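Coordinates from my_file.txt are shown below (compact mmCIF, C-alpha atoms).
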```
# COMPACT_ATOMS: atom_id res chain seq x y z
CA MET A 1 163.10 53.28 118.66
CA LEU A 2 165.37 54.43 121.48
CA SER A 3 168.34 54.67 119.14
CA ASN A 4 166.48 57.53 117.36
CA LEU A 5 166.39 59.68 120.45
CA PRO A 6 168.02 63.09 120.08
CA LYS A 7 171.28 63.65 121.90
CA THR A 8 171.13 67.43 122.22
CA TRP A 9 168.75 70.28 121.46
CA ASP A 10 170.40 70.51 118.03
CA ASP A 11 168.57 67.29 117.15
CA VAL A 12 165.14 68.52 118.29
CA TYR A 13 162.85 70.09 115.72
CA LEU A 14 160.85 73.26 116.25
CA ASP A 15 157.51 71.41 116.22
CA GLN A 16 158.82 68.86 118.73
CA PHE A 17 159.98 71.70 121.00
CA MET A 18 156.53 73.29 120.82
CA ALA A 19 154.90 69.94 121.66
CA LEU A 20 157.21 69.53 124.67
CA LYS A 21 156.28 73.00 125.90
CA LYS A 22 152.59 72.16 125.69
CA LEU A 23 152.88 69.03 127.85
CA ASP A 24 150.63 68.99 130.87
CA ASN A 25 152.70 68.71 134.06
CA ASP A 26 149.71 67.51 135.98
CA VAL A 27 149.66 64.01 134.51
CA SER A 28 151.13 60.90 136.08
CA PHE A 29 154.92 60.67 136.19
CA TYR A 30 155.33 57.71 133.81
CA LEU A 31 152.73 58.99 131.38
CA ARG A 32 154.67 62.23 131.10
CA GLN A 33 157.92 60.37 130.45
CA SER A 34 156.29 58.33 127.68
CA GLN A 35 154.84 61.52 126.21
CA VAL A 36 158.31 63.09 126.12
CA LEU A 37 159.78 60.04 124.39
CA ALA A 38 156.88 59.86 121.96
CA ILE A 39 157.32 63.51 120.96
CA LEU A 40 161.05 63.11 120.45
CA THR A 41 160.55 60.06 118.22
CA ASP A 42 157.44 61.38 116.39
CA THR A 43 155.27 58.57 117.74
CA LEU A 44 152.30 58.42 120.10
CA PRO A 45 152.47 57.57 123.82
CA GLU A 46 149.73 54.97 123.24
CA ASP A 47 151.84 53.12 120.66
CA GLU A 48 152.64 49.56 121.66
CA CYS A 49 156.36 50.19 121.57
CA TRP A 50 155.99 52.45 124.64
CA GLU A 51 153.19 50.68 126.47
CA ASP A 52 154.88 47.29 126.34
CA MET A 53 158.29 48.65 127.21
CA ASP A 54 159.87 47.57 130.48
CA VAL A 55 159.68 50.49 132.85
CA GLU A 56 163.42 50.13 133.61
CA GLU A 57 164.17 50.66 129.93
CA LEU A 58 162.00 53.77 129.89
CA THR A 59 163.75 55.24 132.91
CA SER A 60 167.12 54.49 131.38
CA ALA A 61 166.10 56.27 128.18
CA ILE A 62 164.82 59.29 130.08
CA LYS A 63 168.01 59.43 132.11
CA GLY A 64 169.90 60.03 128.86
CA LEU A 65 167.73 63.08 128.18
CA GLY A 66 168.95 65.08 131.16
CA TRP A 67 169.85 67.96 128.82
CA LEU A 68 166.09 68.59 128.36
CA LYS A 69 166.08 70.24 131.77
CA PHE A 70 168.08 73.12 130.31
CA GLU A 71 167.03 75.58 127.64
CA PRO A 72 168.30 75.38 124.08
CA SER A 73 171.20 77.61 123.20
CA SER A 74 170.48 81.29 122.67
CA GLN A 75 173.43 81.61 120.31
CA PRO A 76 172.24 83.67 117.32
CA VAL A 77 171.86 81.85 114.04
CA ASN A 78 172.04 84.66 111.54
CA SER A 79 171.43 82.56 108.47
CA PHE A 80 170.51 79.09 107.31
CA ASN A 81 169.21 77.49 104.10
CA GLY A 82 169.31 80.84 102.25
CA TYR A 83 167.37 82.75 104.95
CA THR A 84 168.94 85.61 106.86
CA ALA A 85 167.72 87.19 110.09
CA ILE A 86 166.86 90.83 109.63
CA ASP A 87 168.40 93.28 112.10
CA ILE A 88 165.58 93.87 114.58
CA GLU A 89 166.31 97.60 114.56
CA LYS A 90 165.39 97.66 110.88
CA LEU A 91 161.88 96.34 111.44
CA THR A 92 158.99 98.30 110.05
CA PHE A 93 156.27 99.60 112.34
CA GLY A 94 153.84 97.00 110.98
CA GLU A 95 156.32 94.16 111.59
CA TRP A 96 156.80 95.38 115.17
CA ILE A 97 153.04 95.36 115.77
CA ASP A 98 152.87 91.80 114.42
CA LEU A 99 155.76 90.65 116.61
CA GLU A 100 154.20 92.27 119.67
CA HIS A 101 151.03 90.38 119.00
CA TYR A 102 152.73 87.02 118.46
CA PHE A 103 154.98 87.43 121.44
CA GLN A 104 152.01 87.18 123.76
CA ASP A 105 152.60 83.44 123.45
CA TYR A 106 156.06 83.13 122.03
CA PHE A 107 156.44 79.38 122.36
CA GLU A 108 153.19 78.73 120.51
CA ASN A 109 153.98 81.37 117.86
CA LEU A 110 157.70 80.80 117.44
CA PRO A 111 157.35 79.56 113.83
CA ILE A 112 155.50 82.73 112.78
CA ILE A 113 157.94 84.91 114.71
CA ALA A 114 160.79 83.19 112.87
CA ALA A 115 158.98 83.69 109.57
CA ILE A 116 158.81 87.45 110.24
CA ILE A 117 162.49 87.71 111.15
CA TYR A 118 164.07 85.36 108.61
CA ARG A 119 164.01 86.62 105.01
CA LEU A 120 165.41 85.71 101.69
CA THR A 121 167.97 88.24 100.48
CA LYS A 122 169.52 89.44 97.27
CA GLN A 123 172.08 91.97 96.26
CA ASP A 124 171.07 95.11 94.47
CA GLU A 125 172.98 96.58 91.55
CA TRP A 126 175.35 98.31 94.00
CA GLY A 127 176.14 95.18 95.99
CA ASN A 128 173.90 96.05 98.96
CA ILE A 129 171.97 93.29 100.72
CA VAL A 130 168.26 93.72 100.22
CA TYR A 131 165.83 91.84 102.46
CA GLN A 132 162.62 90.34 101.18
CA LYS A 133 159.66 92.46 102.25
CA ASN A 134 157.36 90.95 104.86
CA ASN A 135 154.22 91.29 102.76
CA SER A 136 155.80 89.71 99.68
CA TYR A 137 155.57 86.13 100.91
CA ASN A 138 153.12 83.84 102.67
CA LEU A 139 154.01 84.08 106.34
CA GLN A 140 152.19 80.92 107.41
CA LYS A 141 153.72 78.86 104.61
CA ARG A 142 157.17 79.99 105.62
CA ALA A 143 156.41 79.30 109.29
CA ASP A 144 155.29 75.78 108.38
CA SER A 145 158.50 75.19 106.45
CA PHE A 146 160.49 75.90 109.62
CA LEU A 147 158.71 73.30 111.74
CA GLU A 148 161.14 70.51 110.89
CA LEU A 149 164.28 72.51 111.44
CA PRO A 150 166.29 72.47 114.68
CA ILE A 151 164.91 74.55 117.54
CA THR A 152 168.44 75.89 118.02
CA TYR A 153 168.01 77.90 114.82
CA PHE A 154 165.17 79.86 116.40
CA PHE A 155 165.28 79.82 120.20
CA TRP A 156 167.62 82.82 120.31
CA LEU A 157 164.89 84.99 118.74
CA ILE A 158 162.99 85.03 122.05
CA ARG A 159 165.77 86.68 124.06
CA TYR A 160 166.71 88.82 121.04
CA TYR A 161 163.23 90.33 120.81
CA LEU A 162 162.63 90.66 124.56
CA ASP A 163 165.95 92.45 125.07
CA PHE A 164 165.13 94.81 122.21
CA LYS A 165 161.69 95.51 123.64
CA GLU A 166 163.20 96.29 127.03
CA ARG A 167 165.54 98.80 125.39
CA ILE A 168 162.63 100.38 123.53
CA MET A 169 160.51 100.65 126.68
CA SER A 170 163.42 102.25 128.48
CA THR A 171 164.48 104.62 125.67
CA TYR A 172 160.93 105.74 124.97
CA GLU A 173 159.72 105.54 128.54
CA THR A 174 157.50 108.59 128.30
CA LEU A 175 155.50 107.05 125.47
CA PHE A 176 154.50 104.07 127.60
CA GLU A 177 153.54 105.92 130.78
CA PRO A 178 149.83 105.54 131.60
CA VAL A 179 147.90 108.71 132.44
CA ILE A 180 146.52 106.90 135.46
CA ASN A 181 148.94 104.74 137.38
CA GLU A 182 147.22 101.55 138.53
CA GLU A 183 149.16 101.68 141.78
CA ASP A 184 147.45 105.00 142.59
CA LEU A 185 144.00 103.46 142.38
CA ASP A 186 142.72 102.79 145.90
CA GLU A 187 139.17 101.72 145.21
CA GLU A 188 138.41 98.20 144.04
CA ASN A 189 135.35 99.08 141.99
CA ILE A 190 135.31 101.70 139.30
CA GLU A 191 131.88 102.86 140.53
CA ASP A 192 133.52 104.16 143.70
CA TYR A 193 135.27 106.93 141.77
CA ASP A 194 133.73 110.22 140.61
CA PRO A 195 132.25 110.23 137.05
CA ASP A 196 135.22 112.07 135.48
CA MET A 197 137.70 109.64 136.97
CA GLN A 198 135.54 106.70 135.90
CA LYS A 199 135.55 107.99 132.32
CA GLN A 200 139.32 108.37 132.41
CA ILE A 201 139.82 104.84 133.78
CA GLU A 202 137.51 103.37 131.12
CA TYR A 203 139.33 105.34 128.43
CA GLU A 204 142.72 104.09 129.67
CA GLU A 205 141.53 100.47 129.61
CA THR A 206 140.17 100.84 126.10
CA ALA A 207 143.31 102.66 124.95
CA LYS A 208 145.49 99.87 126.39
CA LYS A 209 143.48 97.31 124.42
CA TRP A 210 143.81 99.22 121.17
CA SER A 211 147.21 100.85 121.82
CA TRP A 212 148.90 100.29 118.44
CA GLU A 213 145.71 100.85 116.49
CA ASN A 214 145.30 104.06 118.43
CA ILE A 215 148.78 105.21 117.45
CA LEU A 216 148.18 104.30 113.80
CA TYR A 217 144.93 106.22 113.86
CA LYS A 218 146.62 109.31 115.28
CA LEU A 219 149.59 109.16 112.90
CA ALA A 220 147.28 108.78 109.93
CA ASN A 221 144.97 111.51 111.23
CA GLY A 222 142.15 109.02 111.01
CA ASP A 223 142.76 108.36 107.30
CA VAL A 224 142.81 104.56 106.99
CA THR A 225 144.13 104.79 103.41
CA LYS A 226 147.42 105.95 104.89
CA TYR A 227 147.81 102.93 107.20
CA ASP A 228 149.93 100.92 104.78
CA GLN A 229 152.32 103.82 104.30
CA ILE A 230 152.76 104.20 108.03
CA THR A 231 153.15 100.51 108.80
CA ASP A 232 155.86 100.33 106.11
CA MET A 233 157.89 103.01 107.85
CA PRO A 234 160.82 102.01 110.08
CA PHE A 235 159.70 101.30 113.64
CA ILE A 236 162.48 103.38 115.22
CA PHE A 237 161.52 106.33 113.03
CA ILE A 238 157.91 106.05 114.24
CA MET A 239 159.02 105.89 117.87
CA ASN A 240 161.18 108.98 117.41
CA GLN A 241 158.29 110.81 115.80
CA LEU A 242 155.94 109.89 118.62
CA SER A 243 158.47 111.02 121.23
CA PHE A 244 158.93 114.27 119.39
CA GLN A 245 155.18 114.86 119.18
CA LYS A 246 154.70 114.07 122.86
CA GLU A 247 157.50 116.33 124.02
CA MET A 248 156.46 119.16 121.77
CA GLN A 249 152.85 118.51 122.79
CA LEU A 250 151.78 118.45 119.14
CA MET B 1 147.75 36.16 165.98
CA ILE B 2 148.48 37.66 169.39
CA ASN B 3 146.58 37.26 172.62
CA ILE B 4 145.57 40.46 174.32
CA ASN B 5 144.92 39.96 178.00
CA PHE B 6 142.51 42.22 179.78
CA LYS B 7 140.87 41.69 183.16
CA ASP B 8 141.26 37.90 183.13
CA GLN B 9 139.94 37.70 179.60
CA VAL B 10 141.97 36.73 176.53
CA PHE B 11 141.23 38.27 173.15
CA PRO B 12 142.92 36.58 170.20
CA THR B 13 143.73 39.38 167.76
CA ARG B 14 145.09 39.21 164.25
CA ASN B 15 148.34 41.13 163.90
CA THR B 16 150.32 39.91 160.88
CA VAL B 17 149.92 40.85 157.23
CA GLU B 18 149.23 37.19 156.40
CA GLU B 19 146.08 37.36 158.51
CA PHE B 20 144.45 40.35 156.84
CA THR B 21 142.86 40.60 153.44
CA ILE B 22 143.91 43.32 151.03
CA GLY B 23 140.67 45.18 151.74
CA GLU B 24 141.27 45.07 155.50
CA PHE B 25 144.88 46.15 155.03
CA GLU B 26 143.68 49.13 152.97
CA THR B 27 141.28 50.12 155.74
CA ILE B 28 144.03 49.89 158.36
CA SER B 29 146.36 51.95 156.14
CA GLY B 30 143.60 54.52 155.71
CA ILE B 31 143.25 54.84 159.47
CA MET B 32 147.03 55.17 159.91
CA ASN B 33 147.18 57.91 157.26
CA ASP B 34 144.36 59.95 158.78
CA LYS B 35 145.99 63.28 159.63
CA ASP B 36 143.06 64.34 161.80
CA LYS B 37 143.67 61.62 164.40
CA ASN B 38 146.45 61.28 166.93
CA THR B 39 148.41 58.05 167.44
CA ILE B 40 146.30 56.68 170.27
CA GLU B 41 143.06 57.43 168.41
CA LYS B 42 144.37 55.68 165.29
CA TRP B 43 145.43 52.56 167.14
CA SER B 44 142.20 52.47 169.12
CA GLU B 45 140.29 52.46 165.88
CA ILE B 46 142.54 49.78 164.41
CA PHE B 47 142.11 47.45 167.38
CA VAL B 48 138.35 47.85 167.24
CA PHE B 49 138.48 47.14 163.51
CA VAL B 50 140.43 43.90 164.02
CA GLY B 51 137.92 42.66 166.59
CA LEU B 52 138.76 43.98 170.01
CA PRO B 53 135.60 45.23 171.77
CA GLN B 54 135.35 49.04 172.07
CA GLU B 55 134.88 48.86 175.86
CA VAL B 56 138.15 46.94 176.20
CA VAL B 57 140.03 49.50 174.09
CA ASP B 58 138.50 52.37 176.06
CA GLU B 59 139.53 50.95 179.41
CA PHE B 60 143.08 49.98 178.54
CA ASP B 61 145.87 51.51 180.58
CA THR B 62 147.95 53.80 178.29
CA PHE B 63 151.29 52.10 178.92
CA ALA B 64 149.81 48.66 178.50
CA PHE B 65 148.17 49.88 175.31
CA ILE B 66 151.53 51.03 173.96
CA GLU B 67 152.99 47.59 174.69
CA VAL B 68 150.15 45.99 172.74
CA ILE B 69 150.80 48.34 169.82
CA LYS B 70 154.44 47.24 169.81
CA GLU B 71 153.36 43.63 169.56
CA PHE B 72 151.11 44.50 166.66
CA ASN B 73 154.12 45.90 164.79
CA MET B 74 156.42 42.95 165.32
CA THR B 75 155.86 41.21 162.00
CA ASP B 76 158.98 40.83 159.93
CA ILE B 77 157.98 41.62 156.36
CA SER B 78 161.48 41.61 154.86
CA LYS B 79 161.38 37.90 154.08
CA ILE B 80 158.11 37.99 152.10
CA GLY B 81 158.83 37.26 148.44
CA PHE B 82 156.93 37.88 145.22
CA GLN B 83 154.05 35.48 144.72
CA LYS B 84 153.89 34.46 141.08
CA GLU B 85 150.23 33.42 140.91
CA ILE B 86 146.94 33.89 142.70
CA VAL B 87 143.69 32.02 142.21
CA LEU B 88 140.38 33.87 142.27
CA ASN B 89 137.07 32.02 141.74
CA GLY B 90 138.99 29.09 140.29
CA ILE B 91 140.85 31.24 137.72
CA THR B 92 144.62 31.58 137.85
CA TYR B 93 146.18 35.01 137.49
CA LYS B 94 149.89 35.35 136.90
CA ALA B 95 152.18 38.27 137.75
CA PHE B 96 155.30 37.15 135.91
CA ASP B 97 157.07 34.17 134.32
CA GLU B 98 160.72 34.27 135.34
CA GLU B 99 161.28 37.61 136.97
CA PHE B 100 158.91 40.32 138.05
CA LYS B 101 158.87 43.30 135.66
CA LEU B 102 156.43 46.07 135.01
CA THR B 103 155.64 47.60 131.66
CA VAL B 104 155.16 51.32 131.17
CA LYS B 105 151.42 50.83 130.67
CA GLU B 106 151.08 48.92 133.94
CA MET B 107 153.11 51.53 135.80
CA ARG B 108 150.95 54.33 134.41
CA LEU B 109 147.76 52.56 135.41
CA ILE B 110 149.04 51.90 138.93
CA GLU B 111 150.10 55.52 139.26
CA ASP B 112 146.62 56.64 138.23
CA TYR B 113 145.01 54.43 140.86
CA ILE B 114 147.35 55.74 143.55
CA LYS B 115 146.52 59.30 142.51
CA LYS B 116 142.79 58.52 142.58
CA ASN B 117 142.84 57.23 146.14
CA GLU B 118 146.09 56.97 148.03
CA ASN B 119 144.43 54.93 150.82
CA ARG B 120 142.69 52.45 148.62
CA TYR B 121 144.76 51.35 145.64
CA LEU B 122 146.33 48.03 146.66
CA GLY B 123 143.49 45.99 145.23
CA ASP B 124 143.71 47.91 141.93
CA MET B 125 147.49 47.64 141.89
CA LEU B 126 147.39 43.86 142.26
CA ALA B 127 144.59 43.69 139.69
CA VAL B 128 146.92 45.37 137.18
CA ILE B 129 149.85 43.12 138.08
CA TYR B 130 148.05 39.78 138.14
CA LYS B 131 146.76 38.88 134.68
CA ARG B 132 145.09 36.01 132.92
CA ASP B 133 147.09 34.58 130.06
CA ASP B 134 144.06 32.79 128.56
CA ILE B 135 142.41 36.03 127.38
CA GLU B 136 143.47 38.81 125.01
CA LYS B 137 146.19 41.03 126.42
CA SER B 138 144.10 44.19 126.02
CA MET B 139 141.25 42.66 128.07
CA ASN B 140 143.53 42.47 131.10
CA PHE B 141 143.72 46.28 131.01
CA ASP B 142 140.02 46.89 130.52
CA LYS B 143 138.86 49.19 133.34
CA ALA B 144 135.79 47.12 134.20
CA HIS B 145 137.86 43.92 134.24
CA ILE B 146 140.42 45.52 136.57
CA HIS B 147 137.70 46.86 138.85
CA PHE B 148 135.99 43.46 139.13
CA LYS B 149 139.30 41.72 139.78
CA ALA B 150 140.31 44.35 142.36
CA GLU B 151 137.16 43.78 144.41
CA LEU B 152 137.74 40.01 144.38
CA ILE B 153 141.34 40.54 145.43
CA ARG B 154 140.25 42.78 148.30
CA LYS B 155 138.03 40.02 149.64
CA GLU B 156 140.09 36.93 148.95
CA VAL B 157 143.80 37.74 148.80
CA LYS B 158 145.93 38.18 151.90
CA ALA B 159 147.91 41.39 152.40
CA ASP B 160 151.32 39.68 152.44
CA VAL B 161 150.97 39.24 148.66
CA ALA B 162 150.99 43.03 148.22
CA ILE B 163 154.01 43.77 150.42
CA PRO B 164 156.85 42.95 147.95
CA TYR B 165 155.09 44.90 145.19
CA LEU B 166 154.53 47.84 147.51
CA LYS B 167 158.19 47.89 148.46
CA PHE B 168 159.26 47.57 144.83
CA LEU B 169 156.95 50.37 143.68
CA SER B 170 157.72 52.83 146.43
CA LYS B 171 161.46 52.35 145.88
CA LYS B 172 161.04 52.68 142.11
CA LEU B 173 158.83 55.76 142.22
CA VAL B 174 161.07 57.58 144.67
CA LYS B 175 164.27 56.58 142.84
CA ASP B 176 162.98 57.54 139.39
CA PHE B 177 161.47 60.80 140.56
CA GLU B 178 164.67 61.80 142.37
CA MET B 179 166.86 60.76 139.47
CA LEU B 180 164.90 62.76 136.95
CA ASN B 181 164.71 65.83 139.13
CA ALA B 182 168.36 65.85 140.18
CA GLU B 183 170.38 68.78 138.82
```

Take the structure in this file and express it as structure tokens.
Amino acid sequence: MLSNLPKTWDDVYLDQFMALKKLDNDVSFYLRQSQVLAILTDTLPEDECWEDMDVEELTSAIKGLGWLKFEPSSQPVNSFNGYTAIDIEKLTFGEWIDLEHYFQDYFENLPIIAAIIYRLTKQDEWGNIVYQKNNSYNLQKRADSFLELPITYFFWLIRYYLDFKERIMSTYETLFEPVINEEDLDEENIEDYDPDMQKQIEYEETAKKWSWENILYKLANGDVTKYDQITDMPFIFIMNQLSFQKEMQL
Amino acid sequence: MININFKDQVFPTRNTVEEFTIGEFETISGIMNDKDKNTIEKWSEIFVFVGLPQEVVDEFDTFAFIEVIKEFNMTDISKIGFQKEIVLNGITYKAFDEEFKLTVKEMRLIEDYIKKNENRYLGDMLAVIYKRDDIEKSMNFDKAHIHFKAELIRKEVKADVAIPYLKFLSKKLVKDFEMLNAE
């Protein structure tokens, strides 16, 4: 069993990585070590092979897994098994909204995030690379197919997306400014403010909850039949349009 | 046993680990670990617990009391070795055959008992370590079986039996924890 232990993150699958991330740190020390070993060998901590093991053997095995203390490599893996990572700047508005949603828990949702980013490709009649459209395949099925691939194929996507988001927030700063700055709110309870202010605070909280839907609604002028058209547009184009509208006060 | 002399009276007082049961040793450890008491208060309580009358403890001169405490601590525990077997109610329980080893399951159980009550786990620890080999292996780890055995151990087994296991475990836990958390 111990001879099957991975030697580096390259030998750890995506689903094993997710299981490691979910481990409860508040359990007993030796239980946690057996859980780690069980995950890395696709067994259960209650299996006899672990329970009957000499504790010295367990500690020796864990000692060889010192590399687990460090993160997997963030070296980009642009393609594997026929899939190619789309340039994040070429995402559509709809794909951005999806990624934003899934990034709220990026370890849990890493397979789906990978499924959004990695596409099959083909060449068109002029030799250009064409990426498979996001709505032309089953996202969950693709995500599931990635579970038994090395985590090192996908870990880089986290930093890749977060860096991109930081650039977006900085470039389009004015679009993300709240009307009411939370730091300017002195009172603890909303009831302590005057009615107009209360309305504004409530509106801001609702708007924050529905931010992307709100933008979609405004761009489509309330016409939900136009949503697909808008979500298929490039994300950067949408951001530029929103900046333009805000600056021109349209 | 030491003799504590006070006002022409002699009070024989137990002072070595071989003279206390596991249960008594747990109580003494609990008193020693009480963060709300100072040193003199702890030792006063311990001496009363081991049989010295309260009025004698209350009237002791401080320096004389400190000398008595030193005598209480004089037991050399380094030479106490692992005891392979214990007998409880006529049944033999064995800790090991050739060499003492712990399995992962046993270690996990012991850790859980320590976490549950860090002043009262010795009985449970020994109950995990000492097993019957005339019953199914899984029965030895049944919670009710361990609990029953632990209470017997607290009443009938002397504390010197626990010392080597305590030393082994504390060394092991500290060493493993440090090793795994080293950069």

For this session: Please identify all polymer residues within 12 Å of A:Pro76, counting all atoms listed in the file, omitting same-chain residues fewer than 2 positions from it, and present them as a VMD selection string.
Result: chain A and resid 72 to 74 78 to 80 84 to 87 151 to 161

List every residue of chain B that has an atom at most 7 Å from any atom of chain A, and for each one report the closest atom pair and its distance in Å to one decimal, counting only C-alpha atoms, with rows sorted by chain and then by increasing residue number, as a Markdown table.
```
| residue | atom | partner | partner_atom | distance |
| --- | --- | --- | --- | --- |
| B:Lys101 | CA | A:Asp54 | CA | 6.8 |
| B:Leu102 | CA | A:Asp54 | CA | 5.9 |
| B:Thr103 | CA | A:Asp54 | CA | 4.4 |
| B:Val104 | CA | A:Val55 | CA | 4.9 |
| B:Lys105 | CA | A:Glu51 | CA | 4.6 |
| B:Met107 | CA | A:Tyr30 | CA | 6.9 |
| B:Arg108 | CA | A:Tyr30 | CA | 5.6 |
| B:Glu111 | CA | A:Ser28 | CA | 6.3 |
| B:Asp112 | CA | A:Ser28 | CA | 6.6 |
| B:Asp176 | CA | A:Thr59 | CA | 6.9 |
| B:Leu180 | CA | A:Lys63 | CA | 6.6 |
```

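For the atom pair formed by atom CA of A:Trp212 and atom CA of A:Ile97, the distance is 7.0 Å, given to one decimal.
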
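If you look at atom CA of B:Val68 and atom CA of B:Thr16, they are 13.3 Å away from each other.
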
Seminar exercise, completed: Students should find that atom CA of B:Arg14 and atom CA of B:Met1 are spaced 4.4 Å

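The smallest atom-to-atom distance between A:Leu14 and any of A:Tyr106, A:Phe146, A:Trp96, A:Tyr118, using only C-alpha atoms, is found for A:Phe146.
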
Show me as a short mmCIF file (atom, residue, chain, number, x, y, z; two decimals) with C-alpha atoms, in the coordinates of the input the residues that reach within 6 Å of (144.8, 47.0, 135.9), counting only C-alpha atoms and using the file's own coordinates.
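Result file follows (point01.cif):
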```
data_model
loop_
_atom_site.label_atom_id
_atom_site.label_comp_id
_atom_site.auth_asym_id
_atom_site.auth_seq_id
_atom_site.Cartn_x
_atom_site.Cartn_y
_atom_site.Cartn_z
CA ALA B 127 144.59 43.69 139.69
CA VAL B 128 146.92 45.37 137.18
CA PHE B 141 143.72 46.28 131.01
CA ILE B 146 140.42 45.52 136.57
#
```
